[in-house]
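Novice: My structure is in input.tsv, and what it holds is TSV, C-alpha atoms:
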```
chain	number	residue	atom	x	y	z
A	17	ILE	CA	101.84	84.43	94.56
A	18	PHE	CA	104.84	86.74	94.88
A	19	ILE	CA	107.08	86.31	97.91
A	20	LEU	CA	108.82	89.46	99.09
A	21	PRO	CA	111.82	88.63	101.27
A	22	THR	CA	112.44	90.58	104.46
A	23	ILE	CA	115.67	92.42	105.17
A	24	GLU	CA	116.41	89.65	107.67
A	25	ASN	CA	116.16	87.03	104.89
A	26	LEU	CA	118.32	89.09	102.57
A	27	THR	CA	121.13	89.56	105.09
A	28	LYS	CA	121.33	85.94	106.25
A	29	LYS	CA	124.30	83.98	105.03
A	30	ASN	CA	122.22	80.83	104.61
A	31	TYR	CA	118.84	81.14	102.95
A	32	SER	CA	117.13	77.92	101.96
A	33	SER	CA	113.63	78.71	100.71
A	34	HIS	CA	110.25	80.03	101.71
A	35	PHE	CA	107.67	77.49	102.88
A	36	LEU	CA	105.21	78.64	100.22
A	37	GLU	CA	107.57	77.43	97.50
A	38	ASP	CA	106.79	73.84	98.55
A	39	ILE	CA	103.05	74.22	98.02
A	40	LYS	CA	101.80	72.72	94.78
A	41	ILE	CA	98.45	74.11	93.68
A	42	LYS	CA	97.14	73.61	90.18
A	43	ASP	CA	97.21	76.82	88.12
A	44	VAL	CA	98.99	78.82	90.87
A	45	ASN	CA	102.47	80.11	90.22
A	46	ILE	CA	104.71	81.04	93.13
A	47	TYR	CA	107.57	83.46	92.59
A	48	ASN	CA	110.12	84.03	95.32
A	49	MET	CA	111.74	87.34	94.51
A	50	TYR	CA	114.69	86.69	96.86
A	51	HIS	CA	117.39	86.38	94.18
A	52	GLU	CA	116.15	89.34	92.14
A	53	ILE	CA	116.11	91.63	95.18
A	54	LYS	CA	119.30	90.21	96.72
A	55	ASN	CA	121.23	91.35	93.66
A	56	LEU	CA	120.04	94.95	94.14
A	57	ASN	CA	120.95	97.63	96.65
A	58	PHE	CA	117.96	96.37	98.63
A	59	GLU	CA	118.59	98.49	101.74
A	60	ASN	CA	117.30	101.49	99.76
A	61	LEU	CA	114.02	99.73	98.91
A	62	TYR	CA	112.72	98.99	102.42
A	63	PHE	CA	111.02	101.24	104.98
A	64	ASN	CA	111.65	98.68	107.74
A	65	ASN	CA	112.45	94.96	107.94
A	66	ALA	CA	109.40	93.81	106.00
A	67	HIS	CA	107.81	96.84	104.32
A	68	LEU	CA	108.86	98.54	101.13
A	69	ASN	CA	109.23	102.29	100.82
A	70	LYS	CA	107.87	104.22	97.81
A	71	LYS	CA	110.96	103.43	95.72
A	72	GLY	CA	110.67	99.76	96.71
A	73	HIS	CA	106.98	99.63	95.74
A	74	ASP	CA	107.74	101.20	92.37
A	75	TYR	CA	110.54	98.75	91.69
A	76	PHE	CA	108.64	95.68	92.97
A	77	SER	CA	105.56	96.53	90.90
A	78	LYS	CA	107.76	96.62	87.77
A	79	MET	CA	109.23	93.24	88.72
A	80	ILE	CA	105.73	91.78	89.11
A	81	TYR	CA	104.60	93.29	85.82
A	82	ASN	CA	107.58	91.74	83.99
A	83	LYS	CA	106.73	88.30	85.42
A	84	ILE	CA	103.05	88.37	84.45
A	85	LYS	CA	103.12	90.08	81.04
```
Is it possible to express this structure as structure tokens?

Specialist:
Amino acid sequence: IFILPTIENLTKKNYSSHFLEDIKIKDVNIYNMYHEIKNLNFENLYFNNAHLNKKGHDYFSKMIYNKIK
């Protein structure tokens, strides 16, 4: 499971974690991409608060690929 943070999450000063990170399911990996995206110029990757634009989809798909290869 890949967690894509919203713009709201990325601009908060205090971000703890996503509730899905606390779920423990055998053979299921959960990746919160908050830190990877926070370190980017993330404003250029989103269409609105929660949806990626074309550039964001291209970049996020490469991030997913690098995690699962």

Novice: Distance table requested - segment 17-37 of chain A against segment 55-72 of chain A, cut-off 12 Å, only C-alpha atoms: one row per qualifying residue with the closest atom pair and its distance in Å to one decimal, ordered by chain and rising residue number, as CSV.

Specialist:
```
residue,atom,partner,partner_atom,distance
A:Ile19,CA,A:Ala66,CA,11.3
A:Leu20,CA,A:Ala66,CA,8.2
A:Pro21,CA,A:Ala66,CA,7.4
A:Thr22,CA,A:Ala66,CA,4.7
A:Ile23,CA,A:Asn65,CA,4.9
A:Glu24,CA,A:Asn65,CA,6.6
A:Asn25,CA,A:Asn65,CA,9.3
A:Leu26,CA,A:Phe58,CA,8.3
A:Thr27,CA,A:Glu59,CA,9.9
```

Novice: As a list in words, please: the residues near Ser33 of chain A (cut-off 9 Å, only C-alpha atoms, same-chain neighbours under 4 positions excluded).

Specialist: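 Listing them by chain and then by number gives Glu37, Asp38, Asn48 and Tyr50 of chain A.
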
Novice: For atom CA of Asn82 of chain A and atom CA of Asp43 of chain A, quote the distance in Å rounded to one decimal.

Specialist: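 Those two atoms sit 18.6 Å apart.
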
Novice: Determine the nearest neighbour of Ile80 of chain A from the options A:Val44, A:Lys54, A:Met49, A:Lys28, counting only C-alpha atoms.

Specialist: A:Met49

Novice: Using all atoms listed in the file, pick whichever of A:Ile17, A:Ile53, A:Lys83, A:Lys78 has the shortest atom-to-atom distance to Lys40 of chain A.

Specialist: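 With all atoms listed in the file as the atom set, the closest residue is A:Ile17.
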
Novice: Just to confirm, what's the straight-line distance from atom CA of His51 of chain A to atom CA of Ile39 of chain A in Å (one decimal)?

Specialist: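 Rounded to one decimal, the two atoms are 19.2 Å apart.
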
Novice: For segment 47-83 of chain A, write N, CA, C and O atoms out as a PDB file, in the first residue's frame.

Specialist:
```
ATOM      1  N   TYR A  47       3.907   1.849   2.544  1.00  0.00           N
ATOM      2  CA  TYR A  47       4.899   2.887   2.309  1.00  0.00           C
ATOM      3  C   TYR A  47       4.213   4.245   2.341  1.00  0.00           C
ATOM      4  O   TYR A  47       3.378   4.539   1.492  1.00  0.00           O
ATOM      5  N   ASN A  48       4.576   5.047   3.303  1.00  0.00           N
ATOM      6  CA  ASN A  48       4.088   6.422   3.349  1.00  0.00           C
ATOM      7  C   ASN A  48       5.120   7.267   2.615  1.00  0.00           C
ATOM      8  O   ASN A  48       6.262   7.380   3.029  1.00  0.00           O
ATOM      9  N   MET A  49       4.696   7.888   1.547  1.00  0.00           N
ATOM     10  CA  MET A  49       5.614   8.626   0.688  1.00  0.00           C
ATOM     11  C   MET A  49       5.768  10.081   1.129  1.00  0.00           C
ATOM     12  O   MET A  49       6.322  10.904   0.398  1.00  0.00           O
ATOM     13  N   TYR A  50       5.334  10.392   2.343  1.00  0.00           N
ATOM     14  CA  TYR A  50       5.380  11.763   2.861  1.00  0.00           C
ATOM     15  C   TYR A  50       6.785  12.374   2.757  1.00  0.00           C
ATOM     16  O   TYR A  50       6.959  13.441   2.190  1.00  0.00           O
ATOM     17  N   HIS A  51       7.770  11.709   3.319  1.00  0.00           N
ATOM     18  CA  HIS A  51       9.116  12.287   3.378  1.00  0.00           C
ATOM     19  C   HIS A  51       9.736  12.442   1.993  1.00  0.00           C
ATOM     20  O   HIS A  51      10.430  13.429   1.733  1.00  0.00           O
ATOM     21  N   GLU A  52       9.496  11.468   1.106  1.00  0.00           N
ATOM     22  CA  GLU A  52      10.038  11.567  -0.244  1.00  0.00           C
ATOM     23  C   GLU A  52       9.446  12.758  -0.987  1.00  0.00           C
ATOM     24  O   GLU A  52      10.150  13.490  -1.679  1.00  0.00           O
ATOM     25  N   ILE A  53       8.139  12.960  -0.849  1.00  0.00           N
ATOM     26  CA  ILE A  53       7.471  14.049  -1.562  1.00  0.00           C
ATOM     27  C   ILE A  53       7.709  15.386  -0.877  1.00  0.00           C
ATOM     28  O   ILE A  53       7.848  16.414  -1.543  1.00  0.00           O
ATOM     29  N   LYS A  54       7.796  15.398   0.451  1.00  0.00           N
ATOM     30  CA  LYS A  54       8.042  16.631   1.187  1.00  0.00           C
ATOM     31  C   LYS A  54       9.355  17.283   0.760  1.00  0.00           C
ATOM     32  O   LYS A  54       9.470  18.506   0.716  1.00  0.00           O
ATOM     33  N   ASN A  55      10.335  16.482   0.408  1.00  0.00           N
ATOM     34  CA  ASN A  55      11.642  16.996   0.029  1.00  0.00           C
ATOM     35  C   ASN A  55      11.697  17.500  -1.419  1.00  0.00           C
ATOM     36  O   ASN A  55      12.735  17.943  -1.872  1.00  0.00           O
ATOM     37  N   LEU A  56      10.576  17.413  -2.132  1.00  0.00           N
ATOM     38  CA  LEU A  56      10.502  17.870  -3.513  1.00  0.00           C
ATOM     39  C   LEU A  56       9.807  19.221  -3.576  1.00  0.00           C
ATOM     40  O   LEU A  56       9.285  19.713  -2.585  1.00  0.00           O
ATOM     41  N   ASN A  57       9.727  19.773  -4.760  1.00  0.00           N
ATOM     42  CA  ASN A  57       8.909  20.957  -5.001  1.00  0.00           C
ATOM     43  C   ASN A  57       7.488  20.451  -5.272  1.00  0.00           C
ATOM     44  O   ASN A  57       7.003  20.476  -6.396  1.00  0.00           O
ATOM     45  N   PHE A  58       6.839  19.942  -4.220  1.00  0.00           N
ATOM     46  CA  PHE A  58       5.594  19.193  -4.359  1.00  0.00           C
ATOM     47  C   PHE A  58       4.421  20.003  -4.897  1.00  0.00           C
ATOM     48  O   PHE A  58       3.480  19.443  -5.450  1.00  0.00           O
ATOM     49  N   GLU A  59       4.459  21.324  -4.783  1.00  0.00           N
ATOM     50  CA  GLU A  59       3.367  22.146  -5.284  1.00  0.00           C
ATOM     51  C   GLU A  59       3.188  21.965  -6.789  1.00  0.00           C
ATOM     52  O   GLU A  59       2.081  22.099  -7.314  1.00  0.00           O
ATOM     53  N   ASN A  60       4.261  21.623  -7.496  1.00  0.00           N
ATOM     54  CA  ASN A  60       4.200  21.427  -8.945  1.00  0.00           C
ATOM     55  C   ASN A  60       3.727  20.035  -9.340  1.00  0.00           C
ATOM     56  O   ASN A  60       3.625  19.741 -10.531  1.00  0.00           O
ATOM     57  N   LEU A  61       3.472  19.167  -8.370  1.00  0.00           N
ATOM     58  CA  LEU A  61       3.061  17.792  -8.663  1.00  0.00           C
ATOM     59  C   LEU A  61       1.568  17.551  -8.485  1.00  0.00           C
ATOM     60  O   LEU A  61       1.058  16.520  -8.902  1.00  0.00           O
ATOM     61  N   TYR A  62       0.859  18.490  -7.878  1.00  0.00           N
ATOM     62  CA  TYR A  62      -0.550  18.298  -7.547  1.00  0.00           C
ATOM     63  C   TYR A  62      -1.462  19.158  -8.415  1.00  0.00           C
ATOM     64  O   TYR A  62      -1.173  20.313  -8.700  1.00  0.00           O
ATOM     65  N   PHE A  63      -2.605  18.558  -8.786  1.00  0.00           N
ATOM     66  CA  PHE A  63      -3.664  19.270  -9.503  1.00  0.00           C
ATOM     67  C   PHE A  63      -4.522  20.057  -8.516  1.00  0.00           C
ATOM     68  O   PHE A  63      -4.935  21.174  -8.774  1.00  0.00           O
ATOM     69  N   ASN A  64      -4.816  19.426  -7.387  1.00  0.00           N
ATOM     70  CA  ASN A  64      -5.518  20.078  -6.276  1.00  0.00           C
ATOM     71  C   ASN A  64      -4.981  19.478  -4.982  1.00  0.00           C
ATOM     72  O   ASN A  64      -3.942  18.838  -4.991  1.00  0.00           O
ATOM     73  N   ASN A  65      -5.673  19.645  -3.884  1.00  0.00           N
ATOM     74  CA  ASN A  65      -5.167  19.212  -2.577  1.00  0.00           C
ATOM     75  C   ASN A  65      -4.775  17.732  -2.524  1.00  0.00           C
ATOM     76  O   ASN A  65      -3.815  17.379  -1.865  1.00  0.00           O
ATOM     77  N   ALA A  66      -5.515  16.882  -3.220  1.00  0.00           N
ATOM     78  CA  ALA A  66      -5.283  15.448  -3.055  1.00  0.00           C
ATOM     79  C   ALA A  66      -4.972  14.706  -4.348  1.00  0.00           C
ATOM     80  O   ALA A  66      -4.665  13.522  -4.308  1.00  0.00           O
ATOM     81  N   HIS A  67      -5.039  15.367  -5.494  1.00  0.00           N
ATOM     82  CA  HIS A  67      -4.860  14.676  -6.762  1.00  0.00           C
ATOM     83  C   HIS A  67      -3.626  15.186  -7.501  1.00  0.00           C
ATOM     84  O   HIS A  67      -3.409  16.390  -7.595  1.00  0.00           O
ATOM     85  N   LEU A  68      -2.878  14.222  -8.013  1.00  0.00           N
ATOM     86  CA  LEU A  68      -1.676  14.560  -8.762  1.00  0.00           C
ATOM     87  C   LEU A  68      -2.013  15.028 -10.171  1.00  0.00           C
ATOM     88  O   LEU A  68      -3.000  14.592 -10.761  1.00  0.00           O
ATOM     89  N   ASN A  69      -1.169  15.885 -10.711  1.00  0.00           N
ATOM     90  CA  ASN A  69      -1.280  16.248 -12.115  1.00  0.00           C
ATOM     91  C   ASN A  69      -0.455  15.245 -12.931  1.00  0.00           C
ATOM     92  O   ASN A  69       0.090  14.281 -12.382  1.00  0.00           O
ATOM     93  N   LYS A  70      -0.349  15.460 -14.243  1.00  0.00           N
ATOM     94  CA  LYS A  70       0.385  14.518 -15.087  1.00  0.00           C
ATOM     95  C   LYS A  70       1.837  14.372 -14.626  1.00  0.00           C
ATOM     96  O   LYS A  70       2.352  13.249 -14.509  1.00  0.00           O
ATOM     97  N   LYS A  71       2.492  15.484 -14.341  1.00  0.00           N
ATOM     98  CA  LYS A  71       3.880  15.435 -13.864  1.00  0.00           C
ATOM     99  C   LYS A  71       3.963  14.658 -12.552  1.00  0.00           C
ATOM    100  O   LYS A  71       4.878  13.861 -12.347  1.00  0.00           O
ATOM    101  N   GLY A  72       3.002  14.877 -11.658  1.00  0.00           N
ATOM    102  CA  GLY A  72       2.969  14.168 -10.382  1.00  0.00           C
ATOM    103  C   GLY A  72       2.778  12.678 -10.555  1.00  0.00           C
ATOM    104  O   GLY A  72       3.416  11.874  -9.880  1.00  0.00           O
ATOM    105  N   HIS A  73       1.877  12.280 -11.478  1.00  0.00           N
ATOM    106  CA  HIS A  73       1.670  10.857 -11.746  1.00  0.00           C
ATOM    107  C   HIS A  73       2.933  10.213 -12.306  1.00  0.00           C
ATOM    108  O   HIS A  73       3.290   9.096 -11.915  1.00  0.00           O
ATOM    109  N   ASP A  74       3.594  10.902 -13.217  1.00  0.00           N
ATOM    110  CA  ASP A  74       4.839  10.370 -13.776  1.00  0.00           C
ATOM    111  C   ASP A  74       5.883  10.169 -12.677  1.00  0.00           C
ATOM    112  O   ASP A  74       6.521   9.122 -12.587  1.00  0.00           O
ATOM    113  N   TYR A  75       6.035  11.163 -11.836  1.00  0.00           N
ATOM    114  CA  TYR A  75       7.038  11.095 -10.776  1.00  0.00           C
ATOM    115  C   TYR A  75       6.670  10.025  -9.742  1.00  0.00           C
ATOM    116  O   TYR A  75       7.516   9.236  -9.324  1.00  0.00           O
ATOM    117  N   PHE A  76       5.392   9.987  -9.332  1.00  0.00           N
ATOM    118  CA  PHE A  76       4.964   9.029  -8.315  1.00  0.00           C
ATOM    119  C   PHE A  76       5.080   7.595  -8.836  1.00  0.00           C
ATOM    120  O   PHE A  76       5.463   6.693  -8.089  1.00  0.00           O
ATOM    121  N   SER A  77       4.772   7.374 -10.104  1.00  0.00           N
ATOM    122  CA  SER A  77       4.901   6.018 -10.648  1.00  0.00           C
ATOM    123  C   SER A  77       6.359   5.565 -10.621  1.00  0.00           C
ATOM    124  O   SER A  77       6.639   4.393 -10.358  1.00  0.00           O
ATOM    125  N   LYS A  78       7.299   6.468 -10.863  1.00  0.00           N
ATOM    126  CA  LYS A  78       8.722   6.117 -10.779  1.00  0.00           C
ATOM    127  C   LYS A  78       9.120   5.805  -9.340  1.00  0.00           C
ATOM    128  O   LYS A  78       9.922   4.897  -9.094  1.00  0.00           O
ATOM    129  N   MET A  79       8.552   6.537  -8.384  1.00  0.00           N
ATOM    130  CA  MET A  79       8.838   6.273  -6.974  1.00  0.00           C
ATOM    131  C   MET A  79       8.329   4.888  -6.582  1.00  0.00           C
ATOM    132  O   MET A  79       9.021   4.137  -5.877  1.00  0.00           O
ATOM    133  N   ILE A  80       7.127   4.543  -7.034  1.00  0.00           N
ATOM    134  CA  ILE A  80       6.556   3.227  -6.733  1.00  0.00           C
ATOM    135  C   ILE A  80       7.421   2.131  -7.369  1.00  0.00           C
ATOM    136  O   ILE A  80       7.753   1.136  -6.728  1.00  0.00           O
ATOM    137  N   TYR A  81       7.775   2.326  -8.623  1.00  0.00           N
ATOM    138  CA  TYR A  81       8.593   1.343  -9.316  1.00  0.00           C
ATOM    139  C   TYR A  81       9.899   1.097  -8.556  1.00  0.00           C
ATOM    140  O   TYR A  81      10.329  -0.054  -8.379  1.00  0.00           O
ATOM    141  N   ASN A  82      10.548   2.148  -8.101  1.00  0.00           N
ATOM    142  CA  ASN A  82      11.819   1.997  -7.373  1.00  0.00           C
ATOM    143  C   ASN A  82      11.649   1.256  -6.063  1.00  0.00           C
ATOM    144  O   ASN A  82      12.581   0.604  -5.602  1.00  0.00           O
ATOM    145  N   LYS A  83      10.475   1.375  -5.441  1.00  0.00           N
ATOM    146  CA  LYS A  83      10.225   0.641  -4.178  1.00  0.00           C
ATOM    147  C   LYS A  83       9.974  -0.837  -4.412  1.00  0.00           C
ATOM    148  O   LYS A  83      10.328  -1.671  -3.588  1.00  0.00           O
TER     149      LYS A  83
END
```
